[in-house]
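Novice: One file: coords.cif (mmCIF, C-alpha atoms).
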```
data_data
#
loop_
_atom_site.label_atom_id
_atom_site.label_comp_id
_atom_site.auth_asym_id
_atom_site.auth_seq_id
_atom_site.Cartn_x
_atom_site.Cartn_y
_atom_site.Cartn_z
CA MET A 1 129.86 -79.86 25.57
CA ALA A 2 128.52 -83.43 25.40
CA ASP A 3 130.01 -86.04 27.72
CA HIS A 4 131.40 -88.79 25.50
CA ARG A 5 132.74 -90.80 28.43
CA PRO A 6 131.67 -94.45 28.14
CA LEU A 7 129.27 -95.90 30.68
CA THR A 8 131.37 -97.57 33.37
CA LEU A 9 130.80 -100.50 35.73
CA MET A 10 133.08 -100.87 38.77
CA ALA A 11 133.04 -104.15 40.71
CA VAL A 12 134.82 -104.18 44.09
CA HIS A 13 135.85 -107.68 45.17
CA ALA A 14 137.86 -109.16 48.00
CA HIS A 15 140.06 -111.82 46.37
CA PRO A 16 141.22 -113.05 42.98
CA ASP A 17 138.39 -115.36 41.73
CA ASP A 18 135.54 -113.51 43.49
CA GLU A 19 135.02 -111.47 40.31
CA ALA A 20 134.15 -114.61 38.38
CA THR A 21 131.76 -116.24 40.84
CA SER A 22 129.14 -113.56 41.44
CA THR A 23 129.78 -111.00 38.70
CA GLY A 24 131.55 -112.84 35.86
CA GLY A 25 128.37 -112.77 33.79
CA VAL A 26 127.66 -109.06 34.13
CA LEU A 27 131.31 -108.15 33.58
CA ALA A 28 131.37 -110.16 30.34
CA ARG A 29 127.91 -109.00 29.21
CA TYR A 30 128.52 -105.30 29.73
CA ALA A 31 131.99 -105.46 28.19
CA ALA A 32 130.35 -106.95 25.09
CA GLU A 33 127.90 -104.01 25.09
CA GLY A 34 130.79 -101.53 24.97
CA ILE A 35 130.64 -100.55 28.65
CA ARG A 36 133.93 -99.96 30.43
CA THR A 37 134.41 -102.61 33.13
CA VAL A 38 136.69 -101.88 36.07
CA LEU A 39 137.61 -104.57 38.59
CA VAL A 40 139.05 -103.57 41.96
CA THR A 41 140.51 -106.56 43.84
CA CYS A 42 141.24 -105.66 47.44
CA THR A 43 143.59 -108.46 48.61
CA ASP A 44 146.44 -110.50 47.20
CA GLY A 45 144.72 -113.87 47.81
CA GLY A 46 147.72 -115.15 49.79
CA CYS A 47 145.50 -117.26 52.08
CA GLY A 48 144.30 -119.31 49.13
CA ASP A 49 145.35 -122.86 48.30
CA GLY A 50 148.93 -123.38 47.22
CA PRO A 51 150.14 -125.82 44.54
CA GLY A 52 148.68 -129.28 45.08
CA GLY A 53 145.95 -127.84 47.31
CA VAL A 54 148.26 -127.10 50.25
CA LYS A 55 146.35 -125.02 52.80
CA PRO A 56 147.48 -121.90 54.72
CA GLY A 57 149.46 -122.87 57.79
CA ASP A 58 150.44 -126.25 56.35
CA PRO A 59 154.09 -127.05 55.54
CA GLY A 60 154.97 -125.75 52.10
CA HIS A 61 152.34 -123.00 51.96
CA ASP A 62 154.09 -119.81 50.86
CA PRO A 63 151.65 -116.85 50.90
CA ALA A 64 153.88 -114.71 48.67
CA ALA A 65 154.13 -117.47 46.04
CA VAL A 66 150.37 -118.10 46.26
CA ALA A 67 149.69 -114.37 45.82
CA LEU A 68 151.89 -114.26 42.69
CA MET A 69 150.20 -117.33 41.22
CA ARG A 70 146.75 -115.90 41.94
CA ARG A 71 147.68 -112.57 40.36
CA GLN A 72 148.54 -114.42 37.15
CA GLU A 73 145.27 -116.35 37.35
CA LEU A 74 143.38 -113.10 37.90
CA GLU A 75 144.88 -111.54 34.79
CA SER A 76 143.83 -114.61 32.79
CA SER A 77 140.30 -114.37 34.24
CA CYS A 78 140.15 -110.68 33.29
CA ALA A 79 141.13 -111.61 29.73
CA SER A 80 138.30 -114.18 29.57
CA LEU A 81 135.76 -111.61 30.81
CA LYS A 82 137.20 -108.80 28.62
CA ILE A 83 137.60 -106.58 31.71
CA SER A 84 138.84 -103.15 30.67
CA ASP A 85 140.81 -102.20 33.78
CA LEU A 86 142.18 -104.15 36.76
CA GLU A 87 143.15 -102.33 39.95
CA MET A 88 144.81 -104.21 42.83
CA LEU A 89 144.74 -102.68 46.30
CA ASP A 90 147.11 -105.51 47.37
CA TYR A 91 146.15 -105.75 51.03
CA ALA A 92 147.16 -109.04 52.65
CA ASP A 93 144.46 -111.71 52.51
CA SER A 94 142.96 -112.06 56.01
CA GLY A 95 141.75 -115.65 55.63
CA MET A 96 138.44 -116.95 56.91
CA MET A 97 136.86 -115.54 60.07
CA GLY A 98 138.85 -116.66 63.11
CA TRP A 99 142.04 -117.53 61.20
CA PRO A 100 145.36 -116.15 62.49
CA GLY A 101 145.60 -114.02 59.33
CA ASN A 102 142.77 -111.85 60.67
CA GLU A 103 145.27 -110.31 63.11
CA ALA A 104 148.31 -110.12 60.84
CA PRO A 105 149.85 -106.69 60.23
CA GLY A 106 148.82 -105.43 56.80
CA ALA A 107 145.79 -107.72 56.64
CA PHE A 108 142.80 -106.16 54.94
CA TRP A 109 140.67 -106.91 58.02
CA GLN A 110 143.11 -104.86 60.13
CA THR A 111 143.15 -101.89 57.74
CA PRO A 112 141.22 -98.83 58.95
CA VAL A 113 138.11 -98.48 56.81
CA ALA A 114 138.92 -94.80 56.23
CA ASP A 115 142.28 -95.73 54.67
CA GLY A 116 140.84 -98.29 52.26
CA ALA A 117 137.91 -95.99 51.44
CA ALA A 118 140.22 -93.09 50.59
CA ARG A 119 142.17 -95.24 48.12
CA LEU A 120 138.98 -96.58 46.56
CA ALA A 121 137.46 -93.09 46.37
CA ASP A 122 140.50 -91.98 44.35
CA LEU A 123 139.81 -94.81 41.89
CA MET A 124 136.14 -93.81 41.71
CA ARG A 125 137.11 -90.23 40.91
CA HIS A 126 139.46 -91.50 38.21
CA TYR A 127 137.06 -93.97 36.53
CA ARG A 128 133.78 -92.16 37.36
CA PRO A 129 131.65 -95.32 37.49
CA ASP A 130 127.94 -95.15 36.68
CA VAL A 131 127.35 -98.43 38.54
CA VAL A 132 129.26 -99.86 41.52
CA VAL A 133 128.84 -103.46 42.68
CA THR A 134 130.11 -105.02 45.93
CA TYR A 135 128.85 -107.29 48.74
CA ASP A 136 126.25 -106.75 51.46
CA GLU A 137 127.19 -105.90 55.06
CA ASN A 138 127.79 -109.60 55.86
CA GLY A 139 130.06 -110.01 52.86
CA PHE A 140 127.44 -112.43 51.47
CA TYR A 141 128.65 -115.26 53.73
CA GLY A 142 130.61 -113.70 56.59
CA HIS A 143 134.16 -113.64 55.19
CA PRO A 144 136.12 -110.80 56.86
CA ASP A 145 137.64 -109.55 53.59
CA HIS A 146 134.22 -109.47 51.92
CA ILE A 147 132.79 -107.54 54.87
CA GLN A 148 135.70 -105.11 54.67
CA ALA A 149 135.23 -104.70 50.90
CA HIS A 150 131.61 -103.77 51.60
CA ARG A 151 132.65 -101.27 54.26
CA ILE A 152 135.27 -99.46 52.20
CA THR A 153 132.99 -99.35 49.14
CA MET A 154 130.09 -97.77 50.98
CA ALA A 155 132.45 -95.33 52.74
CA ALA A 156 134.10 -94.44 49.40
CA LEU A 157 130.69 -93.75 47.86
CA ASP A 158 130.04 -91.31 50.71
CA LEU A 159 133.41 -89.63 50.10
CA VAL A 160 132.66 -89.00 46.42
CA ALA A 161 128.96 -88.15 46.86
CA ASP A 162 129.45 -84.45 46.09
CA ASP A 163 130.83 -85.32 42.68
CA LEU A 164 129.45 -88.75 41.72
CA SER A 165 126.17 -90.55 42.28
CA PRO A 166 126.50 -94.04 40.78
CA LYS A 167 123.84 -96.65 41.18
CA ALA A 168 125.14 -99.07 43.85
CA TYR A 169 124.35 -102.76 44.15
CA TRP A 170 125.09 -105.65 46.47
CA THR A 171 125.48 -109.15 45.06
CA THR A 172 123.05 -111.75 46.32
CA MET A 173 121.40 -115.05 45.43
CA PRO A 174 117.71 -115.93 45.50
CA ARG A 175 116.86 -118.44 48.23
CA SER A 176 115.20 -120.59 45.55
CA GLY A 177 118.52 -120.65 43.69
CA MET A 178 120.47 -121.53 46.84
CA GLN A 179 118.28 -124.61 47.31
CA ARG A 180 118.87 -125.71 43.72
CA PHE A 181 122.59 -125.02 44.15
CA GLY A 182 122.69 -127.37 47.16
CA GLU A 183 120.93 -130.12 45.19
CA ILE A 184 123.40 -129.83 42.29
CA MET A 185 126.41 -129.77 44.64
CA ARG A 186 125.24 -133.09 46.10
CA GLU A 187 124.69 -134.46 42.59
CA PHE A 188 128.33 -133.77 41.67
CA ASN A 189 129.73 -134.68 45.13
CA GLU A 190 128.02 -137.94 46.02
CA ASP A 191 130.22 -138.37 49.11
CA MET A 192 129.39 -134.85 50.34
CA PRO A 193 128.08 -135.14 53.90
CA GLU A 194 124.72 -133.65 54.76
CA PRO A 195 125.29 -130.34 56.60
CA ASP A 196 124.73 -130.41 60.34
CA PRO A 197 121.66 -128.46 61.57
CA ALA A 198 123.68 -125.35 62.49
CA GLU A 199 125.36 -125.31 59.05
CA ALA A 200 122.04 -125.88 57.31
CA GLU A 201 120.49 -123.01 59.26
CA ALA A 202 123.38 -120.69 58.33
CA MET A 203 123.10 -121.71 54.66
CA ALA A 204 119.37 -121.01 54.74
CA GLU A 205 120.14 -117.40 55.72
CA ILE A 206 122.45 -116.79 52.75
CA GLY A 207 120.91 -114.81 49.93
CA LEU A 208 117.45 -113.26 49.97
CA PRO A 209 113.84 -114.25 49.41
CA ASP A 210 113.18 -113.94 45.69
CA ASP A 211 110.76 -111.01 46.12
CA GLU A 212 113.43 -108.89 47.86
CA ILE A 213 115.83 -109.07 44.90
CA THR A 214 115.62 -105.90 42.83
CA THR A 215 117.76 -106.83 39.85
CA TRP A 216 117.86 -110.01 37.77
CA VAL A 217 120.42 -109.89 34.95
CA ASP A 218 120.33 -112.72 32.40
CA THR A 219 123.94 -113.53 31.52
CA THR A 220 123.31 -117.01 30.09
CA ALA A 221 124.87 -116.01 26.76
CA PHE A 222 128.11 -115.20 28.63
CA ALA A 223 128.20 -118.26 30.89
CA GLY A 224 130.97 -119.78 28.78
CA GLN A 225 133.22 -116.79 29.49
CA LYS A 226 132.30 -116.96 33.18
CA PHE A 227 133.20 -120.68 33.20
CA ASP A 228 136.54 -119.90 31.54
CA ALA A 229 137.21 -117.17 34.11
CA LEU A 230 136.63 -119.62 36.96
CA ALA A 231 138.78 -122.20 35.17
CA ALA A 232 141.59 -119.61 35.17
CA HIS A 233 141.49 -119.85 38.98
CA ALA A 234 141.79 -123.64 38.93
CA SER A 235 144.43 -123.62 41.70
CA GLN A 236 141.62 -122.91 44.15
CA GLY A 237 139.87 -126.12 45.15
CA ASP A 238 136.58 -124.31 45.78
CA ASN A 239 136.29 -123.67 42.05
CA ILE A 240 136.75 -127.29 40.98
CA PHE A 241 133.12 -128.07 41.79
CA PHE A 242 131.92 -125.55 39.21
CA LEU A 243 134.30 -126.85 36.57
CA ARG A 244 133.27 -130.46 37.13
CA MET A 245 129.70 -129.81 35.95
CA GLY A 246 130.69 -128.74 32.42
CA LYS A 247 129.64 -125.62 30.55
CA ASP A 248 126.03 -126.56 29.80
CA ARG A 249 125.04 -127.37 33.38
CA PHE A 250 127.09 -124.41 34.57
CA ALA A 251 125.10 -122.07 32.31
CA GLU A 252 121.86 -123.54 33.62
CA LEU A 253 122.87 -122.96 37.25
CA MET A 254 124.92 -119.76 36.95
CA GLY A 255 123.32 -117.92 34.01
CA MET A 256 121.30 -115.45 36.09
CA GLU A 257 123.11 -112.94 38.31
CA THR A 258 121.10 -111.19 40.99
CA PHE A 259 121.58 -107.99 42.98
CA VAL A 260 119.97 -105.63 45.44
CA ARG A 261 119.94 -101.97 44.42
CA VAL A 262 120.91 -99.89 47.44
CA ARG A 263 121.65 -96.45 45.94
CA ASP A 264 119.92 -94.92 42.96
CA THR A 265 119.15 -91.54 41.42
CA THR A 266 117.41 -92.84 38.27
CA ASP A 267 114.08 -93.97 39.78
CA ALA A 268 114.14 -96.88 37.33
CA PRO A 269 111.32 -99.22 38.38
CA VAL A 270 112.19 -102.49 40.13
CA PRO A 271 112.45 -105.34 39.61
CA GLU A 272 114.82 -104.47 36.78
CA ASN A 273 116.81 -106.67 34.40
CA ASP A 274 119.74 -104.33 33.75
CA LEU A 275 122.23 -102.70 36.15
CA PHE A 276 122.20 -99.70 33.79
CA ALA A 277 118.40 -99.31 33.75
CA GLY A 278 117.65 -95.58 33.76
CA LEU A 279 121.13 -94.69 32.54
CA ARG A 280 120.74 -95.39 28.80
#
```
For the structure just supplied, provide its representation as structure tokens.
Specialist:
Amino acid sequence: MADHRPLTLMAVHAHPDDEATSTGGVLARYAAEGIRTVLVTCTDGGCGDGPGGVKPGDPGHDPAAVALMRRQELESSCASLKISDLEMLDYADSGMMGWPGNEAPGAFWQTPVADGAARLADLMRHYRPDVVVTYDENGFYGHPDHIQAHRITMAALDLVADDLSPKAYWTTMPRSGMQRFGEIMREFNEDMPEPDPAEAEAMAEIGLPDDEITTWVDTTAFAGQKFDALAAHASQGDNIFFLRMGKDRFAELMGMETFVRVRDTTDAPVPENDLFAGLR
């Protein structure tokens, strides 16, 4: 009997708003192509900015209220990207590396990988994704929740390997693009200080040399939806930079999404321009 199940993309992200930054384009593009898009958000985002930009640990920052606000923003982002299914694991946001939240009971960073992987594996068995996207082993830039999302995703893929063999990808950015990104950030933030040498060195290590990137997906036609998804998360100051540049410049900077293919059974040649290459 033929399998009429739709092709399915599952993106595993750490916080509300991460889905928009690195995968908003592919989520919108593949939804438009009739592919089922499943977003798994691992934490509640409670270490994000509160109303008025109040930071965690400052007077007036209420993690539970922030988590509720970010949940509402996430649902609005999902509507902009036409995401089919949203799954929240609802672990507590651990905050940046070295923050007190890293040690808090219930924090995602404190959760045994096996526990998170078992929950995610159940979702994989339910949705049967053909493609799974998450971060690399450094969580792209060293955030503990991103690193943990990577760990549980790779462990979950191992747990379901007898039954499922999706293509698996890690998000990345080309080093050439990172350089351009830095130039545009300074253009829109004239008072932005030059990074100190240690910061500059760390930034230079983010992403990959262009020739190591396996997958370049043109999502320029969906950059408006990606912009709207980020705008839905406007409570988070980090996103304001993107919104300040307007949709046209945003599309120019953020219209190509790039990935490294780390698991594959299709033998589709690389570089490829489609996460579903070899599957349709």
Novice: Pick out the closest residue to Glu137 of chain A from this set: A:Val54, A:Cys78, A:Ile152, A:Ala118. Count all atoms listed in the file.
Specialist: A:Ile152
Novice: Give as a ChimeraX atom specification the residues that the PyMOL selection byres ((chain A and resi 12-26) around 6) matches when applied to the coordinates above.
Specialist: /A:11,27-30,40-43,45,74,134,145-146,149,219,222,226,229-230
Novice: Take the selection from the previous step and output its residues with C-alpha atoms, as a compact mmCIF listing (two decimals), keeping the file's coordinate frame.
Specialist:
```
# COMPACT_ATOMS: atom_id res chain seq x y z
CA ALA A 11 133.04 -104.15 40.71
CA LEU A 27 131.31 -108.15 33.58
CA ALA A 28 131.37 -110.16 30.34
CA ARG A 29 127.91 -109.00 29.21
CA TYR A 30 128.52 -105.30 29.73
CA VAL A 40 139.05 -103.57 41.96
CA THR A 41 140.51 -106.56 43.84
CA CYS A 42 141.24 -105.66 47.44
CA THR A 43 143.59 -108.46 48.61
CA GLY A 45 144.72 -113.87 47.81
CA LEU A 74 143.38 -113.10 37.90
CA THR A 134 130.11 -105.02 45.93
CA ASP A 145 137.64 -109.55 53.59
CA HIS A 146 134.22 -109.47 51.92
CA ALA A 149 135.23 -104.70 50.90
CA THR A 219 123.94 -113.53 31.52
CA PHE A 222 128.11 -115.20 28.63
CA LYS A 226 132.30 -116.96 33.18
CA ALA A 229 137.21 -117.17 34.11
CA LEU A 230 136.63 -119.62 36.96
```
Novice: Counting all atoms listed in the file, what is within 10 Å of Leu159 of chain A, bar same-chain residues fewer than 6 positions away, as an mmCIF file with C-alpha atoms, in the frame of the given file?
Specialist:
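Resulting contents of result.cif:
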```cif
data_model
loop_
_atom_site.group_PDB
_atom_site.id
_atom_site.type_symbol
_atom_site.label_atom_id
_atom_site.label_comp_id
_atom_site.auth_asym_id
_atom_site.auth_seq_id
_atom_site.Cartn_x
_atom_site.Cartn_y
_atom_site.Cartn_z
ATOM 1 C CA ALA A 114 138.920 -94.800 56.230
ATOM 2 C CA ALA A 117 137.910 -95.990 51.440
ATOM 3 C CA ALA A 118 140.220 -93.090 50.590
ATOM 4 C CA LEU A 120 138.980 -96.580 46.560
ATOM 5 C CA ALA A 121 137.460 -93.090 46.370
ATOM 6 C CA ASP A 122 140.500 -91.980 44.350
ATOM 7 C CA MET A 124 136.140 -93.810 41.710
ATOM 8 C CA ARG A 125 137.110 -90.230 40.910
ATOM 9 C CA THR A 153 132.990 -99.350 49.140
#
```
Novice: Box along x, y and z, 3 Å on every side, all listed atoms of segment 105-120 of chain A inside: centre and edge lengths in Å to one decimal, as AutoDock Vina command-line options.
Specialist:
```
--center_x 143.9 --center_y -100.4 --center_z 53.4 --size_x 17.9 --size_y 20.6 --size_z 19.7
```
Novice: Produce a table with one row for each residue of segment 111-133 of chain A that has an atom at most 10 Å from any atom of segment 249-271 of chain A, each row naming the nearest atom pair and its distance in Å at one decimal; use only C-alpha atoms; arrange rows by chain and rising residue number; format as a Markdown table.
Specialist:
```
| residue | atom | partner | partner_atom | distance |
| --- | --- | --- | --- | --- |
| A:Val131 | CA | A:Asp264 | CA | 9.3 |
| A:Val132 | CA | A:Arg263 | CA | 9.4 |
| A:Val133 | CA | A:Phe259 | CA | 8.6 |
```
Novice: Which residues are close to Asp136 of chain A, i.e. within 7 Å by all atoms listed in the file, leaving aside same-chain residues fewer than 6 positions away? Reply as a PyMOL selection string.
Specialist: chain A and resi 150+170-171
Novice: So, counting all atoms listed in the file, which residue among A:Asp93, A:Asp238, A:Asp210, A:Asp274 is closest to Tyr169 of chain A?
Specialist: A:Asp274
Novice: Counting all atoms listed in the file, figure out which residue out of A:Ala168, A:Met69, A:Ala92, A:Ala107 gets nearest to Met10 of chain A.
Specialist: A:Ala168
Novice: Here is a test: counting all atoms listed in the file, which residue of A:Thr37, A:Thr220, A:Gln236, A:Ser94 is nearest to Ala79 of chain A?
Specialist: A:Thr37
Novice: Suppose you want the space between atom CA of Asn102 of chain A and atom CA of Gly48 of chain A; what is it in Å?
Specialist: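 So the answer is 13.8 Å.
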Novice: For atom CA of Leu208 of chain A and atom CA of Glu272 of chain A, determine how far apart the two atoms are, in Å to one decimal place.
Specialist: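 So the answer is 16.1 Å.
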Novice: Residues near Ser84 of chain A, anyone? I mean within 8 Å using all atoms listed in the file, not counting same-chain ones fewer than 4 positions away, as a list in words.
Specialist: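 What passes the distance filter is Ala31, Arg36, Thr37 and Val38 of chain A.
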Novice: Excluding Met97 of chain A and its own-chain neighbours fewer than 6 positions away, which residues fall within 8 Å of it when counting all atoms listed in the file? Please give them as an mmCIF file with C-alpha atoms, in the coordinates of the input.
Specialist:
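Here's the written file result25.cif:
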```
data_model
loop_
_atom_site.group_PDB
_atom_site.id
_atom_site.type_symbol
_atom_site.label_atom_id
_atom_site.label_comp_id
_atom_site.auth_asym_id
_atom_site.auth_seq_id
_atom_site.Cartn_x
_atom_site.Cartn_y
_atom_site.Cartn_z
ATOM 1 C CA GLY A 142 130.610 -113.700 56.590
ATOM 2 C CA HIS A 143 134.160 -113.640 55.190
ATOM 3 C CA PRO A 144 136.120 -110.800 56.860
#
```
Novice: So, with all atoms listed in the file as the atoms that count, which of A:Leu89, A:Ala32, A:Leu123, A:Leu81 lies closest to Gln225 of chain A?
Specialist: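 Among the listed residues, the smallest separation from Gln225 of chain A belongs to A:Leu81.
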Novice: What separation in Å, quoted to one decimal, exists between atom CA of Asp44 of chain A and atom CA of Ala67 of chain A?
Specialist: 5.2 Å
